[in-house]
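Trainee: Here it is: the structure, laid out below.
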Amino acid sequence: VRGRECSPLDVFYYYKKPKRFFKSIILDVISLGLFFIISGFANVFNYLNSVSTQIVENSPSLTAVMAVLLVAAWIVSALFTVVCYIIFVHYTFLAYGFNENLPLGVYLPRMMAFSIKNFMSTVKLFVGFIGWAALCFFVVPALYAVPYFLTASAMSAKWLLELEGSKDIIC
């Protein structure tokens, strides 16, 4: 809100000006594209899953071993996807939300470096919300937990940016 009166119409803030809208679309495409490409290529589970049936058909005695390997590959892939999200997506969108007046080329490189520098702080925030995420299995708690997580993430980013001295990002 940045010192203004809050309104429900603020949801449409990025649709008001074409320049702001297209800048956000370009940032979304680049950031999410990097996220999906890198996390997709590094998805060990998909690779192992595609060859697991052939391995088990050729050697049925490896069924239990393959099951354990698939579970381990899924855990590794899930963790790597979260790491990619933190580096490529999380702070990039928050920084753009704080200050959309910076040049487009500033957000992704600076926020990737910022994400790597503050990686453990972000992991602690994510771990703190594991219980809330588990409750979202029942869908209704997501109406509370998702906005709560997004607000906590924004406040965390704001304070981390201020501690780092990035006054040009925080308006």
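We name chains A, B, ... following the order of the structure tokens; residues begin at 1 in each chain, and ligands are numbered from 1 as shown.
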Would you kindly return, as a list in words, each protein, DNA or RNA residue with an atom no farther than 9 Å from any atom of range 113-121 of chain A, considering only C-alpha atoms and excluding same-chain residues fewer than 4 positions away?

Mentor: Val83, Ile86, Ile87, Phe88, His90, Tyr91, Thr92, Leu108, Pro109, Leu125, Phe126, Ser156, Leu160, Leu161 and Glu164 of chain A

Trainee: Tell me, as a PyMOL selection string, which residues lie within 12 Å of Gly105 in chain A, counting only C-alpha atoms; anything in the same chain fewer than 2 positions away does not count.

Mentor: chain A and resi 23+26-27+30-31+92+96+100-103+107-112

Trainee: Would you mind exporting N, CA, C and O atoms of the selected residues as a PDB file, in the first residue's frame?

Mentor:
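Full text of selection.pdb as output:
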```pdb
ATOM      1  N   LYS A  23       5.394  -5.121 -18.315  1.00  0.00           N
ATOM      2  CA  LYS A  23       6.640  -5.315 -17.574  1.00  0.00           C
ATOM      3  C   LYS A  23       6.490  -6.471 -16.595  1.00  0.00           C
ATOM      4  O   LYS A  23       7.391  -7.300 -16.459  1.00  0.00           O
ATOM      5  N   ILE A  26       6.467  -9.790 -18.624  1.00  0.00           N
ATOM      6  CA  ILE A  26       7.817 -10.169 -19.069  1.00  0.00           C
ATOM      7  C   ILE A  26       8.617 -10.733 -17.898  1.00  0.00           C
ATOM      8  O   ILE A  26       9.297 -11.761 -18.033  1.00  0.00           O
ATOM      9  N   LEU A  27       8.541 -10.077 -16.746  1.00  0.00           N
ATOM     10  CA  LEU A  27       9.249 -10.573 -15.568  1.00  0.00           C
ATOM     11  C   LEU A  27       8.733 -11.948 -15.156  1.00  0.00           C
ATOM     12  O   LEU A  27       9.522 -12.838 -14.819  1.00  0.00           O
ATOM     13  N   ILE A  30      10.073 -14.612 -17.738  1.00  0.00           N
ATOM     14  CA  ILE A  30      11.503 -14.896 -17.566  1.00  0.00           C
ATOM     15  C   ILE A  30      11.748 -15.665 -16.269  1.00  0.00           C
ATOM     16  O   ILE A  30      12.425 -16.699 -16.259  1.00  0.00           O
ATOM     17  N   SER A  31      11.197 -15.175 -15.181  1.00  0.00           N
ATOM     18  CA  SER A  31      11.433 -15.791 -13.877  1.00  0.00           C
ATOM     19  C   SER A  31      10.845 -17.204 -13.805  1.00  0.00           C
ATOM     20  O   SER A  31      11.526 -18.152 -13.412  1.00  0.00           O
ATOM     21  N   THR A  92      12.003 -12.281  -6.414  1.00  0.00           N
ATOM     22  CA  THR A  92      11.875 -11.482  -7.635  1.00  0.00           C
ATOM     23  C   THR A  92      10.512 -10.817  -7.687  1.00  0.00           C
ATOM     24  O   THR A  92      10.409  -9.615  -7.950  1.00  0.00           O
ATOM     25  N   TYR A  96       9.609  -6.716  -7.155  1.00  0.00           N
ATOM     26  CA  TYR A  96       8.844  -5.975  -8.151  1.00  0.00           C
ATOM     27  C   TYR A  96       7.586  -5.374  -7.529  1.00  0.00           C
ATOM     28  O   TYR A  96       7.193  -4.261  -7.867  1.00  0.00           O
ATOM     29  N   GLU A 100       8.039  -1.062  -8.657  1.00  0.00           N
ATOM     30  CA  GLU A 100       7.953  -1.431 -10.063  1.00  0.00           C
ATOM     31  C   GLU A 100       8.627  -0.417 -10.981  1.00  0.00           C
ATOM     32  O   GLU A 100       8.600  -0.553 -12.190  1.00  0.00           O
ATOM     33  N   ASN A 101       9.285   0.599 -10.415  1.00  0.00           N
ATOM     34  CA  ASN A 101       9.896   1.658 -11.212  1.00  0.00           C
ATOM     35  C   ASN A 101      11.334   1.371 -11.629  1.00  0.00           C
ATOM     36  O   ASN A 101      11.911   2.130 -12.394  1.00  0.00           O
ATOM     37  N   LEU A 102      11.938   0.317 -11.119  1.00  0.00           N
ATOM     38  CA  LEU A 102      13.308  -0.026 -11.507  1.00  0.00           C
ATOM     39  C   LEU A 102      13.314  -0.649 -12.901  1.00  0.00           C
ATOM     40  O   LEU A 102      12.311  -1.216 -13.335  1.00  0.00           O
ATOM     41  N   PRO A 103      14.456  -0.584 -13.613  1.00  0.00           N
ATOM     42  CA  PRO A 103      14.535  -1.249 -14.922  1.00  0.00           C
ATOM     43  C   PRO A 103      14.343  -2.755 -14.780  1.00  0.00           C
ATOM     44  O   PRO A 103      14.711  -3.351 -13.764  1.00  0.00           O
ATOM     45  N   TYR A 107      15.741  -6.699 -11.507  1.00  0.00           N
ATOM     46  CA  TYR A 107      15.049  -7.575 -10.564  1.00  0.00           C
ATOM     47  C   TYR A 107      15.645  -8.976 -10.476  1.00  0.00           C
ATOM     48  O   TYR A 107      16.025  -9.423  -9.398  1.00  0.00           O
ATOM     49  N   LEU A 108      15.726  -9.666 -11.599  1.00  0.00           N
ATOM     50  CA  LEU A 108      16.146 -11.061 -11.540  1.00  0.00           C
ATOM     51  C   LEU A 108      17.595 -11.234 -11.086  1.00  0.00           C
ATOM     52  O   LEU A 108      17.835 -11.991 -10.147  1.00  0.00           O
ATOM     53  N   PRO A 109      18.573 -10.542 -11.672  1.00  0.00           N
ATOM     54  CA  PRO A 109      19.958 -10.767 -11.195  1.00  0.00           C
ATOM     55  C   PRO A 109      20.172 -10.364  -9.742  1.00  0.00           C
ATOM     56  O   PRO A 109      20.784 -11.104  -8.969  1.00  0.00           O
ATOM     57  N   ARG A 110      19.650  -9.206  -9.347  1.00  0.00           N
ATOM     58  CA  ARG A 110      19.847  -8.764  -7.961  1.00  0.00           C
ATOM     59  C   ARG A 110      19.109  -9.639  -6.976  1.00  0.00           C
ATOM     60  O   ARG A 110      19.606  -9.942  -5.896  1.00  0.00           O
ATOM     61  N   MET A 111      17.914 -10.060  -7.344  1.00  0.00           N
ATOM     62  CA  MET A 111      17.138 -10.870  -6.416  1.00  0.00           C
ATOM     63  C   MET A 111      17.634 -12.310  -6.365  1.00  0.00           C
ATOM     64  O   MET A 111      17.496 -12.962  -5.340  1.00  0.00           O
ATOM     65  N   MET A 112      18.244 -12.797  -7.439  1.00  0.00           N
ATOM     66  CA  MET A 112      18.862 -14.123  -7.371  1.00  0.00           C
ATOM     67  C   MET A 112      20.028 -14.095  -6.386  1.00  0.00           C
ATOM     68  O   MET A 112      20.150 -14.982  -5.536  1.00  0.00           O
TER      69      MET A 112
END
```

Trainee: Need to verify the contact set: Ala154 in chain A, 10 Å, only C-alpha atoms, exclusion of same-chain residues closer than 5 positions in sequence. Can you return it as a short mmCIF file (atom, residue, chain, number, x, y, z; two decimals) with all heavy atoms, in the first residue's frame?

Mentor:
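In the end it all went to selection_18.cif:
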```
data_model
loop_
_atom_site.label_atom_id
_atom_site.label_comp_id
_atom_site.auth_asym_id
_atom_site.auth_seq_id
_atom_site.Cartn_x
_atom_site.Cartn_y
_atom_site.Cartn_z
N HIS A 90 10.68 -16.41 -5.73
CA HIS A 90 10.17 -15.85 -4.48
C HIS A 90 10.47 -14.36 -4.31
O HIS A 90 9.55 -13.53 -4.24
CB HIS A 90 10.73 -16.66 -3.31
CG HIS A 90 10.15 -16.31 -1.99
ND1 HIS A 90 8.85 -16.59 -1.68
CD2 HIS A 90 10.68 -15.70 -0.91
CE1 HIS A 90 8.60 -16.17 -0.46
NE2 HIS A 90 9.70 -15.62 0.03
N TYR A 91 11.72 -13.97 -4.25
CA TYR A 91 12.07 -12.58 -3.99
C TYR A 91 11.93 -11.69 -5.22
O TYR A 91 11.76 -10.49 -5.10
CB TYR A 91 13.49 -12.47 -3.43
CG TYR A 91 13.58 -12.92 -2.00
CD1 TYR A 91 14.42 -13.94 -1.62
CD2 TYR A 91 12.80 -12.32 -1.02
CE1 TYR A 91 14.50 -14.36 -0.31
CE2 TYR A 91 12.86 -12.74 0.30
CZ TYR A 91 13.71 -13.75 0.64
OH TYR A 91 13.78 -14.16 1.94
N PHE A 93 9.46 -11.57 -7.44
CA PHE A 93 8.12 -11.00 -7.49
C PHE A 93 7.87 -10.02 -6.33
O PHE A 93 7.20 -9.01 -6.50
CB PHE A 93 7.06 -12.09 -7.47
CG PHE A 93 7.05 -12.95 -8.70
CD1 PHE A 93 6.56 -14.22 -8.66
CD2 PHE A 93 7.54 -12.49 -9.91
CE1 PHE A 93 6.55 -15.03 -9.78
CE2 PHE A 93 7.54 -13.27 -11.05
CZ PHE A 93 7.03 -14.55 -10.98
N LEU A 94 8.43 -10.33 -5.18
CA LEU A 94 8.25 -9.43 -4.04
C LEU A 94 8.96 -8.11 -4.28
O LEU A 94 8.43 -7.04 -3.97
CB LEU A 94 8.74 -10.09 -2.76
CG LEU A 94 7.89 -11.26 -2.26
CD1 LEU A 94 8.58 -11.97 -1.12
CD2 LEU A 94 6.52 -10.78 -1.85
N ALA A 95 10.17 -8.16 -4.84
CA ALA A 95 10.91 -6.92 -5.12
C ALA A 95 10.17 -6.08 -6.15
O ALA A 95 10.10 -4.85 -6.03
CB ALA A 95 12.32 -7.24 -5.61
N GLY A 97 6.98 -6.09 -6.61
CA GLY A 97 5.81 -5.54 -5.92
C GLY A 97 6.15 -4.35 -5.04
O GLY A 97 5.35 -3.44 -4.87
N PHE A 98 7.36 -4.34 -4.48
CA PHE A 98 7.78 -3.21 -3.64
C PHE A 98 8.09 -1.98 -4.47
O PHE A 98 7.85 -0.85 -4.04
CB PHE A 98 9.02 -3.56 -2.82
CG PHE A 98 8.77 -4.54 -1.71
CD1 PHE A 98 9.70 -5.51 -1.41
CD2 PHE A 98 7.60 -4.50 -0.97
CE1 PHE A 98 9.47 -6.42 -0.39
CE2 PHE A 98 7.36 -5.40 0.05
CZ PHE A 98 8.30 -6.36 0.35
N TYR A 148 -1.66 -15.72 4.62
CA TYR A 148 -0.77 -15.56 5.77
C TYR A 148 0.68 -15.79 5.35
O TYR A 148 1.58 -15.04 5.71
CB TYR A 148 -1.20 -16.55 6.87
CG TYR A 148 -0.42 -16.50 8.14
CD1 TYR A 148 0.03 -15.31 8.69
CD2 TYR A 148 -0.13 -17.67 8.84
CE1 TYR A 148 0.75 -15.28 9.87
CE2 TYR A 148 0.57 -17.65 10.02
CZ TYR A 148 1.02 -16.45 10.53
OH TYR A 148 1.73 -16.43 11.69
N PHE A 149 0.92 -16.84 4.55
CA PHE A 149 2.28 -17.11 4.07
C PHE A 149 2.77 -15.99 3.15
O PHE A 149 3.92 -15.56 3.25
CB PHE A 149 2.32 -18.45 3.33
CG PHE A 149 3.65 -18.70 2.67
CD1 PHE A 149 4.76 -19.03 3.44
CD2 PHE A 149 3.80 -18.60 1.30
CE1 PHE A 149 5.99 -19.24 2.84
CE2 PHE A 149 5.02 -18.82 0.71
CZ PHE A 149 6.12 -19.14 1.47
N TRP A 159 12.04 -6.68 5.45
CA TRP A 159 13.04 -6.50 6.50
C TRP A 159 14.42 -6.95 6.06
O TRP A 159 15.42 -6.32 6.40
CB TRP A 159 12.61 -7.22 7.78
CG TRP A 159 11.47 -6.51 8.44
CD1 TRP A 159 10.19 -6.95 8.54
CD2 TRP A 159 11.50 -5.21 9.04
NE1 TRP A 159 9.41 -6.01 9.17
CE2 TRP A 159 10.20 -4.92 9.50
CE3 TRP A 159 12.49 -4.25 9.24
CZ2 TRP A 159 9.86 -3.75 10.12
CZ3 TRP A 159 12.15 -3.08 9.88
CH2 TRP A 159 10.86 -2.83 10.31
N LEU A 160 14.51 -8.02 5.31
CA LEU A 160 15.80 -8.47 4.81
C LEU A 160 16.40 -7.45 3.84
O LEU A 160 17.60 -7.18 3.88
CB LEU A 160 15.68 -9.84 4.13
CG LEU A 160 15.47 -11.03 5.05
CD1 LEU A 160 15.15 -12.28 4.23
CD2 LEU A 160 16.67 -11.25 5.94
#
```

Trainee: Between CA of Gly131 in chain A and CA of Ala152 in chain A, what is the distance, to one decimal in Å?

Mentor: 14.7 Å

Trainee: Rank nothing, just name the residue among A:Asp28, A:Cys84, A:Pro18, A:Leu70 nearest to Ala42 in chain A, using only C-alpha atoms.

Mentor: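 Closest residue, counting only C-alpha atoms: A:Cys84.
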
Trainee: Could you name the residues that touch Trp132 in chain A at 10 Å or less, counting only C-alpha atoms, but leaving out those on the same chain fewer than 2 positions away, as a PyMOL selection string?

Mentor: chain A and resi 127-130+134-137+141-142+144-146+148-149

Trainee: Write a file of the selected residues as a PDB file, in the first residue's frame, keeping N, CA and C atoms.

Mentor:
```
ATOM      1  N   VAL A 127      10.020 -23.601   6.426  1.00  0.00           N
ATOM      2  CA  VAL A 127       9.876 -24.670   7.423  1.00  0.00           C
ATOM      3  C   VAL A 127       8.834 -24.285   8.466  1.00  0.00           C
ATOM      4  N   GLY A 128       8.787 -23.009   8.824  1.00  0.00           N
ATOM      5  CA  GLY A 128       7.807 -22.543   9.792  1.00  0.00           C
ATOM      6  C   GLY A 128       6.372 -22.694   9.314  1.00  0.00           C
ATOM      7  N   PHE A 129       6.187 -22.812   8.002  1.00  0.00           N
ATOM      8  CA  PHE A 129       4.840 -22.939   7.442  1.00  0.00           C
ATOM      9  C   PHE A 129       4.498 -24.370   7.021  1.00  0.00           C
ATOM     10  N   ILE A 130       5.330 -25.332   7.359  1.00  0.00           N
ATOM     11  CA  ILE A 130       5.049 -26.717   6.974  1.00  0.00           C
ATOM     12  C   ILE A 130       3.743 -27.204   7.603  1.00  0.00           C
ATOM     13  N   ALA A 134       0.446 -28.462   5.616  1.00  0.00           N
ATOM     14  CA  ALA A 134      -0.183 -29.767   5.861  1.00  0.00           C
ATOM     15  C   ALA A 134      -1.679 -29.609   6.111  1.00  0.00           C
ATOM     16  N   LEU A 135      -2.059 -28.557   6.792  1.00  0.00           N
ATOM     17  CA  LEU A 135      -3.485 -28.316   7.022  1.00  0.00           C
ATOM     18  C   LEU A 135      -4.237 -27.991   5.734  1.00  0.00           C
ATOM     19  N   CYS A 136      -3.539 -27.472   4.744  1.00  0.00           N
ATOM     20  CA  CYS A 136      -4.177 -27.112   3.478  1.00  0.00           C
ATOM     21  C   CYS A 136      -4.656 -28.338   2.712  1.00  0.00           C
ATOM     22  N   PHE A 137      -4.299 -29.527   3.168  1.00  0.00           N
ATOM     23  CA  PHE A 137      -4.820 -30.752   2.575  1.00  0.00           C
ATOM     24  C   PHE A 137      -6.342 -30.742   2.630  1.00  0.00           C
ATOM     25  N   PRO A 141      -8.512 -24.532   5.143  1.00  0.00           N
ATOM     26  CA  PRO A 141      -7.473 -23.738   5.800  1.00  0.00           C
ATOM     27  C   PRO A 141      -6.590 -22.955   4.829  1.00  0.00           C
ATOM     28  N   ALA A 142      -6.576 -23.323   3.557  1.00  0.00           N
ATOM     29  CA  ALA A 142      -5.780 -22.584   2.569  1.00  0.00           C
ATOM     30  C   ALA A 142      -6.273 -21.149   2.437  1.00  0.00           C
ATOM     31  N   TYR A 144      -6.927 -19.246   4.732  1.00  0.00           N
ATOM     32  CA  TYR A 144      -6.196 -18.496   5.754  1.00  0.00           C
ATOM     33  C   TYR A 144      -4.689 -18.622   5.568  1.00  0.00           C
ATOM     34  N   ALA A 145      -4.212 -19.826   5.299  1.00  0.00           N
ATOM     35  CA  ALA A 145      -2.772 -20.085   5.296  1.00  0.00           C
ATOM     36  C   ALA A 145      -2.048 -19.440   4.121  1.00  0.00           C
ATOM     37  N   VAL A 146      -2.624 -19.443   2.935  1.00  0.00           N
ATOM     38  CA  VAL A 146      -1.937 -18.889   1.768  1.00  0.00           C
ATOM     39  C   VAL A 146      -1.747 -17.376   1.901  1.00  0.00           C
ATOM     40  N   TYR A 148      -1.656 -15.717   4.624  1.00  0.00           N
ATOM     41  CA  TYR A 148      -0.769 -15.564   5.772  1.00  0.00           C
ATOM     42  C   TYR A 148       0.677 -15.790   5.355  1.00  0.00           C
ATOM     43  N   PHE A 149       0.925 -16.835   4.552  1.00  0.00           N
ATOM     44  CA  PHE A 149       2.275 -17.113   4.066  1.00  0.00           C
ATOM     45  C   PHE A 149       2.765 -15.991   3.151  1.00  0.00           C
TER      46      PHE A 149
END
```

Trainee: For Phe80 in chain A, please output as a list in words all residues within 10 Å (counting only C-alpha atoms; exclusion window: fewer than 6 positions along the same chain).

Mentor: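 Answer for this query is Ile38, Ser39, Gly40, Ala42, Asn43, Val44, Trp74 and Ile86 of chain A.
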
Trainee: Just list the residues in range 33-148 of chain A DSSP gives alpha helix (DSSP H) on the backbone, as number ranges by chain.

Mentor: A: 33-41, 44-58, 63-85, 91-98, 104-117, 119-128, 130-135, 142-148

Trainee: CA of Ser61 in chain A to CA of Asn46 in chain A: how many Å, to one decimal?

Mentor: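 It comes out at 21.7 Å.
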
Trainee: Could you check which of A:Ser7, A:Thr81, A:Ala67, A:Leu62 is closest to Ile37 in chain A, using only C-alpha atoms?

Mentor: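 Nearest to Ile37 in chain A: A:Thr81.
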